[in-house]
Structure formats: structure tokens, C-alpha cells
>>> print(open('protein.pdb').read())   # PDB, C-alpha atoms
ATOM      1  CA  MET A   1     -18.958  -0.392  67.351  1.00  0.00           C
ATOM      2  CA  ARG A   2     -18.549   0.665  70.932  1.00  0.00           C
ATOM      3  CA  PRO A   3     -21.208  -0.680  73.295  1.00  0.00           C
ATOM      4  CA  ALA A   4     -23.769   1.806  74.575  1.00  0.00           C
ATOM      5  CA  PRO A   5     -23.300   3.145  78.083  1.00  0.00           C
ATOM      6  CA  ALA A   6     -25.258   1.278  80.720  1.00  0.00           C
ATOM      7  CA  ALA A   7     -28.866   2.425  80.486  1.00  0.00           C
ATOM      8  CA  THR A   8     -30.155   4.562  83.318  1.00  0.00           C
ATOM      9  CA  ALA A   9     -33.689   5.612  84.181  1.00  0.00           C
ATOM     10  CA  GLY A  10     -34.972   7.907  81.445  1.00  0.00           C
ATOM     11  CA  ALA A  11     -31.965   7.219  79.189  1.00  0.00           C
ATOM     12  CA  PHE A  12     -32.388   7.165  75.419  1.00  0.00           C
ATOM     13  CA  GLN A  13     -29.624   5.111  73.810  1.00  0.00           C
ATOM     14  CA  PRO A  14     -30.526   4.223  70.197  1.00  0.00           C
ATOM     15  CA  CYS A  15     -28.651   2.278  67.572  1.00  0.00           C
ATOM     16  CA  ALA A  16     -29.365   1.484  63.936  1.00  0.00           C
ATOM     17  CA  LEU A  17     -30.111  -2.137  63.043  1.00  0.00           C
ATOM     18  CA  ILE A  18     -29.692  -3.353  59.458  1.00  0.00           C
ATOM     19  CA  PRO A  19     -30.489  -6.910  58.317  1.00  0.00           C
ATOM     20  CA  ILE A  20     -28.594  -7.742  55.142  1.00  0.00           C
ATOM     21  CA  TYR A  21     -28.559 -10.540  52.623  1.00  0.00           C
ATOM     22  CA  ASN A  22     -26.313  -9.904  49.595  1.00  0.00           C
ATOM     23  CA  HIS A  23     -26.913  -6.136  49.372  1.00  0.00           C
ATOM     24  CA  LYS A  24     -23.245  -5.374  48.785  1.00  0.00           C
ATOM     25  CA  ASP A  25     -23.949  -2.523  46.329  1.00  0.00           C
ATOM     26  CA  THR A  26     -26.084  -0.400  48.670  1.00  0.00           C
ATOM     27  CA  ILE A  27     -24.923  -1.112  52.211  1.00  0.00           C
ATOM     28  CA  VAL A  28     -21.952   1.288  52.192  1.00  0.00           C
ATOM     29  CA  ALA A  29     -24.121   4.304  51.341  1.00  0.00           C
ATOM     30  CA  THR A  30     -26.741   3.270  53.906  1.00  0.00           C
ATOM     31  CA  VAL A  31     -24.134   2.989  56.675  1.00  0.00           C
ATOM     32  CA  ALA A  32     -22.524   6.299  55.683  1.00  0.00           C
ATOM     33  CA  GLY A  33     -25.892   8.024  55.913  1.00  0.00           C
ATOM     34  CA  LEU A  34     -26.542   6.598  59.372  1.00  0.00           C
ATOM     35  CA  ARG A  35     -23.083   7.404  60.670  1.00  0.00           C
ATOM     36  CA  ALA A  36     -23.495  11.003  59.442  1.00  0.00           C
ATOM     37  CA  HIS A  37     -26.203  11.320  62.096  1.00  0.00           C
ATOM     38  CA  GLY A  38     -23.891   9.918  64.776  1.00  0.00           C
ATOM     39  CA  LEU A  39     -25.868   6.713  65.154  1.00  0.00           C
ATOM     40  CA  PRO A  40     -24.057   3.490  66.168  1.00  0.00           C
ATOM     41  CA  VAL A  41     -24.699   0.822  63.529  1.00  0.00           C
ATOM     42  CA  MET A  42     -25.304  -2.886  64.023  1.00  0.00           C
ATOM     43  CA  ILE A  43     -25.542  -5.084  60.909  1.00  0.00           C
ATOM     44  CA  VAL A  44     -26.888  -8.630  60.974  1.00  0.00           C
ATOM     45  CA  ASP A  45     -25.471 -10.566  58.034  1.00  0.00           C
ATOM     46  CA  ASP A  46     -28.053 -13.219  57.230  1.00  0.00           C
ATOM     47  CA  GLY A  47     -25.724 -15.697  55.512  1.00  0.00           C
ATOM     48  CA  SER A  48     -24.597 -13.385  52.694  1.00  0.00           C
ATOM     49  CA  ASP A  49     -22.256 -14.383  49.875  1.00  0.00           C
ATOM     50  CA  GLU A  50     -18.496 -13.887  49.922  1.00  0.00           C
ATOM     51  CA  ALA A  51     -18.609 -10.591  48.012  1.00  0.00           C
ATOM     52  CA  THR A  52     -20.995  -9.057  50.551  1.00  0.00           C
ATOM     53  CA  ARG A  53     -18.932 -10.382  53.467  1.00  0.00           C
ATOM     54  CA  ALA A  54     -15.878  -8.638  52.016  1.00  0.00           C
ATOM     55  CA  VAL A  55     -17.738  -5.326  51.878  1.00  0.00           C
ATOM     56  CA  LEU A  56     -18.934  -5.756  55.465  1.00  0.00           C
ATOM     57  CA  ALA A  57     -15.392  -6.493  56.614  1.00  0.00           C
ATOM     58  CA  GLY A  58     -14.385  -3.103  55.239  1.00  0.00           C
ATOM     59  CA  LEU A  59     -17.109  -1.395  57.277  1.00  0.00           C
ATOM     60  CA  ALA A  60     -16.109  -2.929  60.605  1.00  0.00           C
ATOM     61  CA  PRO A  61     -13.484  -0.267  61.520  1.00  0.00           C
ATOM     62  CA  GLN A  62     -16.116   2.506  61.106  1.00  0.00           C
ATOM     63  CA  HIS A  63     -17.817   1.892  64.477  1.00  0.00           C
ATOM     64  CA  VAL A  64     -20.009  -0.743  62.850  1.00  0.00           C
ATOM     65  CA  GLN A  65     -20.699  -4.070  64.558  1.00  0.00           C
ATOM     66  CA  VAL A  66     -21.369  -7.000  62.236  1.00  0.00           C
ATOM     67  CA  ILE A  67     -23.191 -10.050  63.550  1.00  0.00           C
ATOM     68  CA  ARG A  68     -22.784 -12.952  61.154  1.00  0.00           C
ATOM     69  CA  LEU A  69     -25.360 -15.726  60.854  1.00  0.00           C
ATOM     70  CA  VAL A  70     -23.902 -18.800  59.170  1.00  0.00           C
ATOM     71  CA  ARG A  71     -27.010 -19.694  57.174  1.00  0.00           C
ATOM     72  CA  ASN A  72     -29.691 -17.534  55.611  1.00  0.00           C
ATOM     73  CA  GLY A  73     -32.660 -17.806  57.960  1.00  0.00           C
ATOM     74  CA  GLY A  74     -34.813 -14.892  56.830  1.00  0.00           C
ATOM     75  CA  LYS A  75     -35.274 -11.218  57.623  1.00  0.00           C
ATOM     76  CA  GLY A  76     -37.260 -11.830  60.792  1.00  0.00           C
ATOM     77  CA  ARG A  77     -34.677 -14.147  62.274  1.00  0.00           C
ATOM     78  CA  ALA A  78     -31.898 -11.677  61.497  1.00  0.00           C
ATOM     79  CA  ILE A  79     -33.726  -8.743  63.084  1.00  0.00           C
ATOM     80  CA  THR A  80     -34.622 -10.809  66.148  1.00  0.00           C
ATOM     81  CA  ALA A  81     -30.936 -11.646  66.640  1.00  0.00           C
ATOM     82  CA  GLY A  82     -30.132  -7.956  66.263  1.00  0.00           C
ATOM     83  CA  PHE A  83     -32.728  -6.870  68.827  1.00  0.00           C
ATOM     84  CA  ILE A  84     -31.298  -9.223  71.423  1.00  0.00           C
ATOM     85  CA  ALA A  85     -27.712  -8.183  70.693  1.00  0.00           C
ATOM     86  CA  ALA A  86     -28.629  -4.486  70.845  1.00  0.00           C
ATOM     87  CA  ARG A  87     -30.406  -4.913  74.177  1.00  0.00           C
ATOM     88  CA  ASP A  88     -27.483  -6.878  75.599  1.00  0.00           C
ATOM     89  CA  ALA A  89     -25.103  -4.118  74.438  1.00  0.00           C
ATOM     90  CA  GLY A  90     -27.030  -1.579  76.528  1.00  0.00           C
ATOM     91  CA  PHE A  91     -29.090   0.152  73.846  1.00  0.00           C
ATOM     92  CA  THR A  92     -32.658   1.164  74.689  1.00  0.00           C
ATOM     93  CA  HIS A  93     -33.965   1.523  71.123  1.00  0.00           C
ATOM     94  CA  ALA A  94     -33.191   0.053  67.707  1.00  0.00           C
ATOM     95  CA  LEU A  95     -33.882   1.861  64.437  1.00  0.00           C
ATOM     96  CA  GLN A  96     -34.599  -0.858  61.894  1.00  0.00           C
ATOM     97  CA  ILE A  97     -33.714   0.189  58.342  1.00  0.00           C
ATOM     98  CA  ASP A  98     -33.321  -1.820  55.141  1.00  0.00           C
ATOM     99  CA  ALA A  99     -29.955  -2.362  53.460  1.00  0.00           C
ATOM    100  CA  ASP A 100     -31.222  -1.875  49.910  1.00  0.00           C
ATOM    101  CA  GLY A 101     -31.498   1.921  49.824  1.00  0.00           C
ATOM    102  CA  GLN A 102     -35.319   2.085  49.956  1.00  0.00           C
ATOM    103  CA  HIS A 103     -35.430   4.183  53.117  1.00  0.00           C
ATOM    104  CA  ASP A 104     -34.497   7.840  53.421  1.00  0.00           C
ATOM    105  CA  VAL A 105     -31.663   8.193  55.943  1.00  0.00           C
ATOM    106  CA  ALA A 106     -32.323  11.939  56.006  1.00  0.00           C
ATOM    107  CA  ASP A 107     -35.331  11.112  58.208  1.00  0.00           C
ATOM    108  CA  VAL A 108     -33.196   9.515  60.934  1.00  0.00           C
ATOM    109  CA  PRO A 109     -33.273  12.666  63.125  1.00  0.00           C
ATOM    110  CA  ARG A 110     -37.078  12.738  62.885  1.00  0.00           C
ATOM    111  CA  PHE A 111     -37.338   9.109  64.051  1.00  0.00           C
ATOM    112  CA  LEU A 112     -34.940   9.771  66.910  1.00  0.00           C
ATOM    113  CA  ALA A 113     -36.726  12.945  67.988  1.00  0.00           C
ATOM    114  CA  GLU A 114     -40.070  11.112  68.004  1.00  0.00           C
ATOM    115  CA  GLY A 115     -38.554   8.253  70.008  1.00  0.00           C
ATOM    116  CA  ARG A 116     -36.921  10.575  72.507  1.00  0.00           C
ATOM    117  CA  ALA A 117     -40.251  12.344  73.056  1.00  0.00           C
ATOM    118  CA  ASN A 118     -42.164   9.037  73.249  1.00  0.00           C
ATOM    119  CA  PRO A 119     -39.689   6.491  74.665  1.00  0.00           C
ATOM    120  CA  THR A 120     -42.212   3.693  75.241  1.00  0.00           C
ATOM    121  CA  ALA A 121     -43.683   3.965  71.725  1.00  0.00           C
ATOM    122  CA  MET A 122     -42.973   2.133  68.479  1.00  0.00           C
ATOM    123  CA  ILE A 123     -42.224   4.765  65.828  1.00  0.00           C
ATOM    124  CA  CYS A 124     -43.469   3.377  62.507  1.00  0.00           C
ATOM    125  CA  GLY A 125     -42.573   4.657  59.076  1.00  0.00           C
ATOM    126  CA  GLN A 126     -45.642   5.539  56.996  1.00  0.00           C
ATOM    127  CA  PRO A 127     -44.409   5.299  53.405  1.00  0.00           C
ATOM    128  CA  ILE A 128     -44.776   8.081  50.868  1.00  0.00           C
ATOM    129  CA  TYR A 129     -44.131   6.367  47.529  1.00  0.00           C
ATOM    130  CA  ASP A 130     -43.020   7.779  44.211  1.00  0.00           C
ATOM    131  CA  GLU A 131     -43.564   6.262  40.761  1.00  0.00           C
ATOM    132  CA  SER A 132     -40.922   3.574  41.356  1.00  0.00           C
ATOM    133  CA  VAL A 133     -43.241   1.463  43.527  1.00  0.00           C
ATOM    134  CA  PRO A 134     -44.553  -1.715  41.818  1.00  0.00           C
ATOM    135  CA  ARG A 135     -48.329  -1.364  41.579  1.00  0.00           C
ATOM    136  CA  ALA A 136     -49.015  -4.983  42.548  1.00  0.00           C
ATOM    137  CA  ARG A 137     -47.020  -4.527  45.766  1.00  0.00           C
ATOM    138  CA  LEU A 138     -48.755  -1.216  46.491  1.00  0.00           C
ATOM    139  CA  TYR A 139     -52.288  -2.547  46.093  1.00  0.00           C
ATOM    140  CA  GLY A 140     -51.487  -5.758  47.959  1.00  0.00           C
ATOM    141  CA  ARG A 141     -50.481  -3.751  51.020  1.00  0.00           C
ATOM    142  CA  TYR A 142     -54.043  -2.517  51.482  1.00  0.00           C
ATOM    143  CA  VAL A 143     -55.253  -6.068  52.097  1.00  0.00           C
ATOM    144  CA  THR A 144     -52.772  -6.338  54.959  1.00  0.00           C
ATOM    145  CA  HIS A 145     -53.745  -2.890  56.274  1.00  0.00           C
ATOM    146  CA  VAL A 146     -57.397  -3.958  56.566  1.00  0.00           C
ATOM    147  CA  CYS A 147     -56.416  -7.234  58.256  1.00  0.00           C
ATOM    148  CA  VAL A 148     -54.243  -5.389  60.783  1.00  0.00           C
ATOM    149  CA  TRP A 149     -57.033  -2.954  61.619  1.00  0.00           C
ATOM    150  CA  MET A 150     -59.223  -5.966  62.406  1.00  0.00           C
ATOM    151  CA  GLU A 151     -56.467  -7.750  64.343  1.00  0.00           C
ATOM    152  CA  THR A 152     -55.838  -4.719  66.555  1.00  0.00           C
ATOM    153  CA  LEU A 153     -59.414  -3.339  66.555  1.00  0.00           C
ATOM    154  CA  SER A 154     -57.779  -0.014  65.812  1.00  0.00           C
ATOM    155  CA  PHE A 155     -56.662   2.302  63.002  1.00  0.00           C
ATOM    156  CA  THR A 156     -53.607   3.251  65.050  1.00  0.00           C
ATOM    157  CA  LEU A 157     -51.044   1.619  62.756  1.00  0.00           C
ATOM    158  CA  ARG A 158     -51.068   3.250  59.323  1.00  0.00           C
ATOM    159  CA  ASP A 159     -48.663   0.830  57.613  1.00  0.00           C
ATOM    160  CA  SER A 160     -47.678  -2.509  59.105  1.00  0.00           C
ATOM    161  CA  MET A 161     -45.276  -3.600  56.344  1.00  0.00           C
ATOM    162  CA  CYS A 162     -42.749  -0.767  56.310  1.00  0.00           C
ATOM    163  CA  GLY A 163     -39.385  -1.922  57.635  1.00  0.00           C
ATOM    164  CA  TYR A 164     -38.310   1.558  58.756  1.00  0.00           C
ATOM    165  CA  ARG A 165     -39.110   1.693  62.487  1.00  0.00           C
ATOM    166  CA  LEU A 166     -37.753   2.658  65.856  1.00  0.00           C
ATOM    167  CA  TYR A 167     -38.446  -0.068  68.425  1.00  0.00           C
ATOM    168  CA  PRO A 168     -38.331   0.212  72.239  1.00  0.00           C
ATOM    169  CA  LEU A 169     -36.111  -2.737  73.042  1.00  0.00           C
ATOM    170  CA  GLU A 170     -37.391  -3.569  76.518  1.00  0.00           C
ATOM    171  CA  ALA A 171     -40.942  -4.274  75.335  1.00  0.00           C
ATOM    172  CA  THR A 172     -39.830  -5.813  72.041  1.00  0.00           C
ATOM    173  CA  CYS A 173     -37.423  -8.276  73.634  1.00  0.00           C
ATOM    174  CA  ALA A 174     -40.004  -9.132  76.281  1.00  0.00           C
ATOM    175  CA  GLU A 175     -42.374 -10.103  73.465  1.00  0.00           C
ATOM    176  CA  ILE A 176     -39.625 -12.172  71.822  1.00  0.00           C
ATOM    177  CA  ASP A 177     -39.093 -13.946  75.150  1.00  0.00           C
ATOM    178  CA  ARG A 178     -42.822 -14.651  75.345  1.00  0.00           C
ATOM    179  CA  ALA A 179     -43.050 -16.280  71.901  1.00  0.00           C
ATOM    180  CA  PRO A 180     -40.730 -16.411  68.862  1.00  0.00           C
ATOM    181  CA  LEU A 181     -41.387 -13.968  66.024  1.00  0.00           C
ATOM    182  CA  PRO A 182     -41.698 -15.067  62.373  1.00  0.00           C
ATOM    183  CA  ALA A 183     -38.451 -15.724  60.543  1.00  0.00           C
ATOM    184  CA  ARG A 184     -39.245 -14.198  57.167  1.00  0.00           C
ATOM    185  CA  MET A 185     -41.195 -11.405  55.436  1.00  0.00           C
ATOM    186  CA  ASP A 186     -44.208 -11.774  57.719  1.00  0.00           C
ATOM    187  CA  PHE A 187     -42.054 -10.426  60.563  1.00  0.00           C
ATOM    188  CA  ASP A 188     -42.757  -6.681  60.214  1.00  0.00           C
ATOM    189  CA  THR A 189     -46.518  -7.067  60.408  1.00  0.00           C
ATOM    190  CA  GLU A 190     -46.648  -9.645  63.192  1.00  0.00           C
ATOM    191  CA  VAL A 191     -44.239  -7.861  65.509  1.00  0.00           C
ATOM    192  CA  ALA A 192     -46.234  -4.633  65.125  1.00  0.00           C
ATOM    193  CA  VAL A 193     -49.557  -6.336  65.893  1.00  0.00           C
ATOM    194  CA  ARG A 194     -48.144  -8.187  68.879  1.00  0.00           C
ATOM    195  CA  LEU A 195     -46.583  -5.042  70.335  1.00  0.00           C
ATOM    196  CA  ILE A 196     -49.920  -3.248  69.988  1.00  0.00           C
ATOM    197  CA  TRP A 197     -51.575  -6.173  71.781  1.00  0.00           C
ATOM    198  CA  ARG A 198     -48.925  -5.719  74.459  1.00  0.00           C
ATOM    199  CA  GLY A 199     -49.984  -2.090  74.942  1.00  0.00           C
ATOM    200  CA  VAL A 200     -47.047  -0.412  73.198  1.00  0.00           C
ATOM    201  CA  PRO A 201     -48.155   2.985  71.817  1.00  0.00           C
ATOM    202  CA  VAL A 202     -47.696   3.711  68.097  1.00  0.00           C
ATOM    203  CA  ARG A 203     -46.511   6.895  66.441  1.00  0.00           C
ATOM    204  CA  ASN A 204     -46.716   7.056  62.634  1.00  0.00           C
ATOM    205  CA  LEU A 205     -44.043   9.028  60.816  1.00  0.00           C
ATOM    206  CA  PRO A 206     -44.508   9.812  57.087  1.00  0.00           C
ATOM    207  CA  THR A 207     -41.294   9.041  55.221  1.00  0.00           C
ATOM    208  CA  ARG A 208     -40.239   8.765  51.602  1.00  0.00           C
ATOM    209  CA  VAL A 209     -39.741   5.204  50.323  1.00  0.00           C
ATOM    210  CA  ILE A 210     -38.347   4.342  46.891  1.00  0.00           C
ATOM    211  CA  TYR A 211     -37.745   1.173  44.908  1.00  0.00           C
ATOM    212  CA  PRO A 212     -34.245   1.641  43.443  1.00  0.00           C
ATOM    213  CA  GLU A 213     -33.767   0.756  39.788  1.00  0.00           C
ATOM    214  CA  ASN A 214     -32.340  -2.775  39.521  1.00  0.00           C
ATOM    215  CA  GLY A 215     -32.748  -3.105  43.289  1.00  0.00           C
ATOM    216  CA  LEU A 216     -32.378  -6.528  44.887  1.00  0.00           C
ATOM    217  CA  SER A 217     -35.592  -7.718  46.533  1.00  0.00           C
ATOM    218  CA  HIS A 218     -35.940 -10.952  48.493  1.00  0.00           C
ATOM    219  CA  PHE A 219     -39.747 -10.867  48.500  1.00  0.00           C
ATOM    220  CA  HIS A 220     -41.090 -14.053  46.879  1.00  0.00           C
ATOM    221  CA  MET A 221     -44.565 -13.337  45.556  1.00  0.00           C
ATOM    222  CA  LEU A 222     -45.994 -16.847  46.047  1.00  0.00           C
ATOM    223  CA  HIS A 223     -44.225 -18.131  49.156  1.00  0.00           C
ATOM    224  CA  ASP A 224     -44.246 -14.873  51.111  1.00  0.00           C
ATOM    225  CA  ASN A 225     -47.876 -14.135  50.286  1.00  0.00           C
ATOM    226  CA  LEU A 226     -48.787 -17.609  51.546  1.00  0.00           C
ATOM    227  CA  ARG A 227     -46.860 -16.932  54.758  1.00  0.00           C
ATOM    228  CA  ILE A 228     -48.592 -13.571  55.148  1.00  0.00           C
ATOM    229  CA  SER A 229     -52.012 -15.175  54.617  1.00  0.00           C
ATOM    230  CA  ALA A 230     -51.256 -17.795  57.274  1.00  0.00           C
ATOM    231  CA  MET A 231     -50.015 -15.063  59.609  1.00  0.00           C
ATOM    232  CA  HIS A 232     -53.234 -13.073  59.275  1.00  0.00           C
ATOM    233  CA  THR A 233     -55.294 -16.178  60.001  1.00  0.00           C
ATOM    234  CA  ARG A 234     -53.219 -16.788  63.141  1.00  0.00           C
ATOM    235  CA  LEU A 235     -53.434 -13.148  64.261  1.00  0.00           C
ATOM    236  CA  LEU A 236     -57.173 -12.870  63.666  1.00  0.00           C
ATOM    237  CA  LEU A 237     -57.696 -15.947  65.827  1.00  0.00           C
ATOM    238  CA  GLY A 238     -55.325 -14.520  68.425  1.00  0.00           C
ATOM    239  CA  MET A 239     -57.281 -11.275  68.489  1.00  0.00           C
ATOM    240  CA  LEU A 240     -60.541 -12.955  69.557  1.00  0.00           C
ATOM    241  CA  PRO A 241     -59.625 -13.718  73.193  1.00  0.00           C
ATOM    242  CA  ARG A 242     -57.912 -10.322  73.408  1.00  0.00           C
ATOM    243  CA  ALA A 243     -60.872  -8.380  71.983  1.00  0.00           C
ATOM    244  CA  PRO A 244     -62.405  -7.371  75.350  1.00  0.00           C
ATOM    245  CA  GLY A 245     -59.076  -6.020  76.587  1.00  0.00           C
ATOM    246  CA  LEU A 246     -58.372  -4.189  73.324  1.00  0.00           C
ATOM    247  CA  LEU A 247     -61.805  -2.572  73.356  1.00  0.00           C
ATOM    248  CA  TRP A 248     -61.446  -1.635  77.025  1.00  0.00           C
ATOM    249  CA  ARG A 249     -58.066  -0.034  76.355  1.00  0.00           C
ATOM    250  CA  LYS A 250     -59.521   1.872  73.402  1.00  0.00           C
ATOM    251  CA  TRP A 251     -62.463   3.095  75.506  1.00  0.00           C
ATOM    252  CA  LYS A 252     -60.137   4.252  78.282  1.00  0.00           C
ATOM    253  CA  ARG A 253     -58.022   6.239  75.799  1.00  0.00           C
ATOM    254  CA  SER A 254     -61.133   7.845  74.294  1.00  0.00           C
ATOM    255  CA  ASP A 255     -62.472   8.666  77.742  1.00  0.00           C
ATOM    256  CA  ALA A 256     -59.163  10.218  78.794  1.00  0.00           C
ATOM    257  CA  CYS A 257     -59.060  12.368  75.630  1.00  0.00           C
ATOM    258  CA  ALA A 258     -62.587  13.610  76.338  1.00  0.00           C
ATOM    259  CA  VAL A 259     -61.680  14.883  79.807  1.00  0.00           C
TER     260      VAL A 259
END
>>> encode(input="protein.pdb", output="C-alpha cells")
Amino acid sequence: MRPAPAATAGAFQPCALIPIYNHKDTIVATVAGLRAHGLPVMIVDDGSDEATRAVLAGLAPQHVQVIRLVRNGGKGRAITAGFIAARDAGFTHALQIDADGQHDVADVPRFLAEGRANPTAMICGQPIYDESVPRARLYGRYVTHVCVWMETLSFTLRDSMCGYRLYPLEATCAEIDRAPLPARMDFDTEVAVRLIWRGVPVRNLPTRVIYPENGLSHFHMLHDNLRISAMHTRLLLGMLPRAPGLLWRKWKRSDACAV
């Protein structure tokens, strides 16, 4: 993948960012869909097996950059490494998308258009599910939604767990520099909450999400739910000293809209 041109004031230089761990059967189609929209692709291989590494090696000549992590460290760690690499390559925005075929690459132009119109915002996928979604996963998301509304004192973010997002890299990497982000499945929610705390605007974009038949999921019901519970405890406590500022910011926005 060729590096992005040096960013200039007002420039919009996005890339796609895909964390992968053993998704050898779906990554080729995902990359092809992204490249069809002319988007540079950066893949972070989170310690995948030999078969997946062989598939990724075949993608390298197609303007795809592969960053290889020696050991599997978790989705959050892989995406964090990708954010930093994308920023250092000169990109201004990173479109995070899963490697397993859940996300609709046909919506890439909509994400990019929203990001171009709102360059300081985080553009968050708001899933529209079909019948393939596991009911336990669907209902469990609502617990997190309620927690996030309390943690941000706002209904701004419609879905904090969807991994289909366009991030502004300057603000995101500044938050990474301030404090490390979670390494595993609690990443998507925590980074969204912390960016909202930071003052990053949110735009929600409805998008179709499927659960492919025989798809490979790395979500561990017990361990990841425990991590998510601990994360919400930490974020709720972190919200308390920020509450006055969050409420003030909300009041200022409401006042500005009333003018």
C-alpha cells in the first residue's frame, strides 16, 4: 500500500483498517470490496495461523499493507497498532471494518461521505440486523447501550459495540497517547466513550450487519462479558468527575440549537 500524501489543512485522507485473527476464508472478499471503492487497505494480523498468513501474503501486491503482530494480543491491541501506523503513514481517518464478512462494504461510500462532511466526527455504524443475529448477543447489547448512555450522559451514540466505524485519527491517537485502550473485545465501547468525553462529535450511520453461517467469532461469552462488566464499572466511575463538563457541553449544544 502506498503511503497517503502528507496531510494538509482540510485534507481528508482515509484508509481502511482491518484487524484479523484466522479469518482466512473471508478476508479476500472483504479486501476486494474495499479496493473496489478505491480505499487503501491496512490489515493488522493479530498472530494468525500459517494458513491465514499465506492468504495475507497473496494480498500484499494489491496495494494492501499487512502489519504482523507476532502473538495474538486481542482486537483492541491490533486496532490500536493500526491507528498509530495509519497516522504515521499520513492518513487522517481510518475506517475500521471486521474481517469476517459481517459488515456491508457497499456502505463504504456513505461512511466516507459522512466523514468528509464531518471531519472531526466519529462516524459510527448503527447495525440493522437480519434473522442471522444470535438473540443472546442482540439482547445483551442493550445492557451496554444503557450503560453507555449513563457514562456519557447522552443518547448521542446509538450503538457502542459495532466495529464498523470511521475514526478521526488525530483525536483518536491523542487519546491513545493519554492512556492505553483495552486490548480485547471491550475496545469498541471504551474508545467510543472516551472520544465522546474528549468532545469528539458522533454521527450514527444505519448499516446492515449479518452473522455469516459458520462464521468464526472470537467473542468468549464468559471472559469477554466479565471484561465488559469491569469496563463499565471503570467508565461509570470515570464519568463522575467529568459529569459537570459533560452536562455543560450538552447545555451549550442545546442552547446553540435553540438560537
>>> residues_around(input="protein.pdb", residues="Tyr167 (chain A)", least_positions_apart="4", cutoff="8 Å", atoms="only C-alpha atoms", output="VMD selection string")
chain A and resid 93 to 96 121 to 123 172
>>> write_last_selection(input="protein.pdb", atoms="C-alpha atoms", output="CSV table (one decimal), in the frame of the given file")
chain,number,residue,atom,x,y,z
A,93,HIS,CA,-34.0,1.5,71.1
A,94,ALA,CA,-33.2,0.1,67.7
A,95,LEU,CA,-33.9,1.9,64.4
A,96,GLN,CA,-34.6,-0.9,61.9
A,121,ALA,CA,-43.7,4.0,71.7
A,122,MET,CA,-43.0,2.1,68.5
A,123,ILE,CA,-42.2,4.8,65.8
A,172,THR,CA,-39.8,-5.8,72.0
>>> atom_distance(input="protein.pdb", atom1="CA of Val64 (chain A)", atom2="CA of Tyr164 (chain A)")
18.9 Å
>>> resolve_selection(input="protein.pdb", expression="the PyMOL selection byres ((chain A and resi 21) around 9)", output="list of chain:residue names")
A:Pro19, A:Ile20, A:Asn22, A:His23, A:Lys24, A:Val44, A:Asp45, A:Asp46, A:Gly47, A:Ser48, A:Asp49, A:Thr52, A:Asn72, A:Gly74, A:Lys75, A:Ala99, A:His218
>>> closest_residue(input="protein.pdb", among="A:Val41, A:Ala60, A:Leu166, A:Val133", to="Gly115 (chain A)", atoms="only C-alpha atoms")
A:Leu166
>>> resolve_selection(input="protein.pdb", expression="the PyMOL selection byres ((chain A and resi 140-155) around 9)", output="short mmCIF file (atom, residue, chain, number, x, y, z; two decimals) with C-alpha atoms, in the frame of the given file")
data_model
loop_
_atom_site.label_atom_id
_atom_site.label_comp_id
_atom_site.auth_asym_id
_atom_site.auth_seq_id
_atom_site.Cartn_x
_atom_site.Cartn_y
_atom_site.Cartn_z
CA ARG A 135 -48.33 -1.36 41.58
CA ALA A 136 -49.02 -4.98 42.55
CA ARG A 137 -47.02 -4.53 45.77
CA LEU A 138 -48.76 -1.22 46.49
CA TYR A 139 -52.29 -2.55 46.09
CA THR A 156 -53.61 3.25 65.05
CA LEU A 157 -51.04 1.62 62.76
CA ARG A 158 -51.07 3.25 59.32
CA ASP A 159 -48.66 0.83 57.61
CA SER A 160 -47.68 -2.51 59.10
CA MET A 161 -45.28 -3.60 56.34
CA THR A 189 -46.52 -7.07 60.41
CA VAL A 193 -49.56 -6.34 65.89
CA ARG A 194 -48.14 -8.19 68.88
CA ILE A 196 -49.92 -3.25 69.99
CA TRP A 197 -51.58 -6.17 71.78
CA ILE A 228 -48.59 -13.57 55.15
CA SER A 229 -52.01 -15.18 54.62
CA HIS A 232 -53.23 -13.07 59.28
CA LEU A 235 -53.43 -13.15 64.26
CA LEU A 236 -57.17 -12.87 63.67
CA LEU A 237 -57.70 -15.95 65.83
CA GLY A 238 -55.32 -14.52 68.42
CA MET A 239 -57.28 -11.28 68.49
CA LEU A 240 -60.54 -12.96 69.56
CA ALA A 243 -60.87 -8.38 71.98
CA LEU A 246 -58.37 -4.19 73.32
CA LEU A 247 -61.80 -2.57 73.36
CA LYS A 250 -59.52 1.87 73.40
#
>>> atom_distance(input="protein.pdb", atom1="CA of Met42 (chain A)", atom2="CA of Pro127 (chain A)")
23.3 Å
>>> resolve_selection(input="protein.pdb", expression="the PyMOL selection byres ((chain A and resi 84) around 10)", output="PDB file with C-alpha atoms, keeping the file's coordinate frame")
ATOM      1  CA  ILE A  79     -33.726  -8.743  63.084  1.00  0.00           C
ATOM      2  CA  THR A  80     -34.622 -10.809  66.148  1.00  0.00           C
ATOM      3  CA  ALA A  81     -30.936 -11.646  66.640  1.00  0.00           C
ATOM      4  CA  GLY A  82     -30.132  -7.956  66.263  1.00  0.00           C
ATOM      5  CA  PHE A  83     -32.728  -6.870  68.827  1.00  0.00           C
ATOM      6  CA  ALA A  85     -27.712  -8.183  70.693  1.00  0.00           C
ATOM      7  CA  ALA A  86     -28.629  -4.486  70.845  1.00  0.00           C
ATOM      8  CA  ARG A  87     -30.406  -4.913  74.177  1.00  0.00           C
ATOM      9  CA  ASP A  88     -27.483  -6.878  75.599  1.00  0.00           C
ATOM     10  CA  ALA A  89     -25.103  -4.118  74.438  1.00  0.00           C
ATOM     11  CA  PHE A  91     -29.090   0.152  73.846  1.00  0.00           C
ATOM     12  CA  LEU A 169     -36.111  -2.737  73.042  1.00  0.00           C
ATOM     13  CA  GLU A 170     -37.391  -3.569  76.518  1.00  0.00           C
ATOM     14  CA  THR A 172     -39.830  -5.813  72.041  1.00  0.00           C
ATOM     15  CA  CYS A 173     -37.423  -8.276  73.634  1.00  0.00           C
ATOM     16  CA  ALA A 174     -40.004  -9.132  76.281  1.00  0.00           C
ATOM     17  CA  ILE A 176     -39.625 -12.172  71.822  1.00  0.00           C
ATOM     18  CA  ASP A 177     -39.093 -13.946  75.150  1.00  0.00           C
TER      19      ASP A 177
END
>>> atom_distance(input="protein.pdb", atom1="CA of Glu114 (chain A)", atom2="CA of Phe12 (chain A)")
11.4 Å
>>> closest_residue(input="protein.pdb", among="A:Gln13, A:Ile97, A:Phe187, A:Val66", to="Ile43 (chain A)", atoms="all atoms listed in the file")
A:Val66
>>> closest_residue(input="protein.pdb", among="A:Arg165, A:Glu131, A:Leu226, A:Gly199", to="Trp248 (chain A)", atoms="all atoms listed in the file")
A:Gly199
>>> closest_residue(input="protein.pdb", among="A:Thr233, A:Cys124, A:Arg110, A:Ile210", to="Ala192 (chain A)", atoms="all atoms listed in the file")
A:Cys124
>>> closest_residue(input="protein.pdb", among="A:Arg203, A:Gly38, A:Ile27, A:Asp98", to="Arg53 (chain A)", atoms="all atoms listed in the file")
A:Ile27
>>> closest_residue(input="protein.pdb", among="A:Leu59, A:Leu17, A:Ile128, A:Ala29", to="Tyr211 (chain A)", atoms="only C-alpha atoms")
A:Ile128
